[in-house]
Amino acid sequence: NIYFRVCRLERETMSSRVLLLVALACVWQVSEQFTCTAVGPGYTIECSCYYDFKFGREPGTSVNCRGRGLKYFPSGFPSNTTILDLGMNSIYDIREYHTTQYQMLEVLILSDNNLETFHTSGVQEHENLTVLYVENNPALMELPVLPDALLDLNIGNTGYVNKHKDDLDLHPYKNLEVPDSLEWLTIKNSGLTKLPTHLPTALTHLRLSNNSLTEVGNLLDQDFLKELILDDNLITELTGNPEISPLVETLSFQRNKITSVRPKYFNIFSYLTELNLSNNPLSYISPQAFQGLDVLASTDTRILLQFMNNPYLTTIAEEVFDPFLYSNKQYETLTIDLTGSAIDCTCDMDWIPKVVAASQKNSPYSVQELSIIGTCHSPSSLSGRKLNSLTVDEIPCSPTETPSGGGGSSDSNPAAIVLGLLLALSVIGIVGYFVYTKFAAGAQAANTYEAIPEAGGQAQPKQSVNMAGLKGDGYQDN
């Protein structure tokens, strides 16, 4: 019987590699589900099994024994088991013989158990094992020797990592022997204050959410890094020159303490397709944040820029997005998500309706489809309006001004400015005339004198004085 099954797996719980492997077993099936039995000391528990078909090898079996209350590592599953999910149980001990019975094992999930010991050679000899998840086992103080084939490792909130939160070193001869070929590394909920050192050179995905990092740190040696997730940390500012590989495609800084993004911080990430700065106290993004960025997109590239739920972000300059709008490469979509941010739909944001309108008519932009998501927070007359539904005429040019009904023009502003200038010129003219008349009268009085008798001579004739012009200025007619 051919049928579909939907496995409810969260992205934050499993990497896309695991999702792909599990999908082979449970999303598209060409066989019926069957029951398999977990056997332990004094108990048997039914689990769900599926045939796992994969090109290049014999069919295997995917076992889902998640949340069954297991206290011991079970036996009894088919020997061709390739995916074994034992998460959310109470298993406390892993021995070498537990896993050797499943030599085809590719994915082993032991998350959210009570693990205290994991024998050092428990998985070392599994040359097919590519995925190992042991996160959320806070009593696990020693991790096993990892197989060389391992590609995806999740060790967050283990006792071992928590102990080394300030100095976690992944060098083979230091804290933990991590194969240099590892591509995915997830360390969450571990209180890390610094980046782990000696990260594998082949690393492509690094997820360090829910830690205590205050800065991004130096990742320049990770030449192949494509995804960096630093959600739920203590980073306060994105400034200076980031020490991150320019090949990164996904950057996420959700729920940090970031207040500002400084000029040119993102200008090296030419392959960036997803940036998330949501849920921060972000109030300022420099118009030059992406200045100099050369977007190296392809025709099917979709770019997502998220600035959601930032309560202090009221405006954002159009220049921030110029490198995406005027790229040398044509690409498919650009989505700017401002949902939940306190956008003030006044003059500084009138570029939104202009850009949206231009993108719909003979677009001058390099993106085929532009979407700006979110609503106005202020002014009150536009509160709740969708950003992509605004017109230029509706945008008031003062936070206190309300637009005329139905989106009237804001021509009253220029008229008020002209009237103010005319009044100012009139006042200046009146004051100038008054000062001039006083000055002229004073100068005339200074040139008038009485006749003064000279020795041996007669008095000089008295010149006439316009007394009427002086009386008002404090002079008396004697």
# chains A, B, ... in the order shown; residues from 1 in each chain; ligands from 1

$ residues_around --residues "range 188-192 of chain A" --least-positions-apart "6" --cutoff "6 Å" --atoms "only C-alpha atoms" --output "number ranges by chain"
A: 156-157, 162, 165, 208-212

$ write_last_selection --atoms "N, CA, C and O atoms" --output "CSV table (one decimal), in the first residue's frame"
chain,number,residue,atom,x,y,z
A,156,GLY,N,24.8,19.9,22.9
A,156,GLY,CA,24.4,21.0,23.8
A,156,GLY,C,23.9,20.5,25.1
A,156,GLY,O,23.2,19.4,25.2
A,157,ASN,N,24.1,21.2,26.2
A,157,ASN,CA,23.6,20.9,27.5
A,157,ASN,C,24.0,19.5,28.0
A,157,ASN,O,23.2,18.8,28.5
A,162,ASN,N,29.0,21.8,29.5
A,162,ASN,CA,28.7,22.8,30.5
A,162,ASN,C,30.0,23.0,31.4
A,162,ASN,O,30.2,24.2,31.8
A,165,LYS,N,32.4,25.4,29.5
A,165,LYS,CA,31.7,26.5,28.8
A,165,LYS,C,32.6,27.7,28.5
A,165,LYS,O,32.4,28.5,27.6
A,208,LEU,N,24.8,27.8,17.8
A,208,LEU,CA,25.2,28.1,19.2
A,208,LEU,C,24.2,28.9,19.9
A,208,LEU,O,24.5,29.9,20.7
A,209,SER,N,22.9,28.6,19.8
A,209,SER,CA,21.8,29.3,20.4
A,209,SER,C,21.8,29.0,22.0
A,209,SER,O,22.3,28.1,22.5
A,210,ASN,N,21.1,30.0,22.7
A,210,ASN,CA,20.9,29.9,24.1
A,210,ASN,C,22.1,29.7,24.9
A,210,ASN,O,22.3,28.8,25.7
A,211,ASN,N,23.1,30.6,24.6
A,211,ASN,CA,24.3,30.6,25.4
A,211,ASN,C,24.6,32.0,26.0
A,211,ASN,O,23.6,32.7,26.1
A,212,SER,N,25.8,32.3,26.4
A,212,SER,CA,26.1,33.6,27.0
A,212,SER,C,27.2,34.3,26.2
A,212,SER,O,28.0,35.0,26.8

$ residues_around --residues "Leu313 in chain A" --least-positions-apart "5" --cutoff "10 Å" --atoms "only C-alpha atoms" --output "number ranges by chain"
A: 259-260, 280-285, 307-308, 338, 340-344

$ closest_residue --among "A:Ser181, A:Asn136, A:Asn279, A:Ser48" --to "Leu150 in chain A" --atoms "only C-alpha atoms"
A:Ser181

$ residues_around --residues "Leu225 in chain A" --least-positions-apart "2" --cutoff "6 Å" --atoms "only C-alpha atoms" --output "number ranges by chain"
A: 203-204, 222-223, 227, 248

$ write_last_selection --atoms "C-alpha atoms" --output "short mmCIF file (atom, residue, chain, number, x, y, z; two decimals), in the first residue's frame"
data_model
loop_
_atom_site.label_atom_id
_atom_site.label_comp_id
_atom_site.auth_asym_id
_atom_site.auth_seq_id
_atom_site.Cartn_x
_atom_site.Cartn_y
_atom_site.Cartn_z
CA LEU A 203 32.25 22.87 9.23
CA THR A 204 29.36 24.29 7.20
CA GLN A 222 35.90 28.30 8.85
CA ASP A 223 36.24 28.72 5.10
CA GLU A 227 25.08 28.89 8.37
CA VAL A 248 27.97 32.48 4.82
#

$ select_by_dssp --residues "range 97-345 of chain A" --states "helix (DSSP H, G or I)" --output "PyMOL selection string"
chain A and resi 97-100+159-163+318-325

$ atom_distance --atom1 "CA of Phe253 in chain A" --atom2 "CA of Asp232 in chain A"
7.4 Å

$ residues_around --residues "Val356 in chain A" --least-positions-apart "4" --cutoff "12 Å" --atoms "only C-alpha atoms" --output "PyMOL selection string"
chain A and resi 318+325+334-336+350-352+360-365+367-373+387-392

$ atom_distance --atom1 "CA of Arg302 in chain A" --atom2 "CA of Met349 in chain A"
24.0 Å

$ closest_residue --among "A:Thr35, A:Asn218, A:Thr239, A:Thr100" --to "Lys264 in chain A" --atoms "only C-alpha atoms"
A:Thr239

$ atom_distance --atom1 "CA of Thr214 in chain A" --atom2 "CA of His198 in chain A"
19.4 Å

$ residues_around --residues "Tyr102 in chain A" --least-positions-apart "6" --cutoff "9 Å" --atoms "only C-alpha atoms" --output "PyMOL selection string"
chain A and resi 77-82+126

$ residues_around --residues "Tyr43 in chain A" --least-positions-apart "4" --cutoff "12 Å" --atoms "only C-alpha atoms" --output "ChimeraX atom specification"
/A:37-39,68-76

$ closest_residue --among "A:Ile155, A:Leu305, A:Ala297, A:Ala358" --to "Gln330 in chain A" --atoms "only C-alpha atoms"
A:Ala297

$ select_by_dssp --residues "range 194-252 of chain A" --states "strand (DSSP E or B)" --output "ChimeraX atom specification"
/A:197,205-207,219,227-229,237-238,244,250-252

$ residues_around --residues "Lys329 in chain A" --least-positions-apart "5" --cutoff "8 Å" --atoms "only C-alpha atoms" --output "list in words"
Val295, Leu296, Ala297, Ser298, Thr299 and Ser366 of chain A

$ closest_residue --among "A:Leu86, A:Leu421, A:Leu176, A:Cys49" --to "Val145 in chain A" --atoms "only C-alpha atoms"
A:Leu176
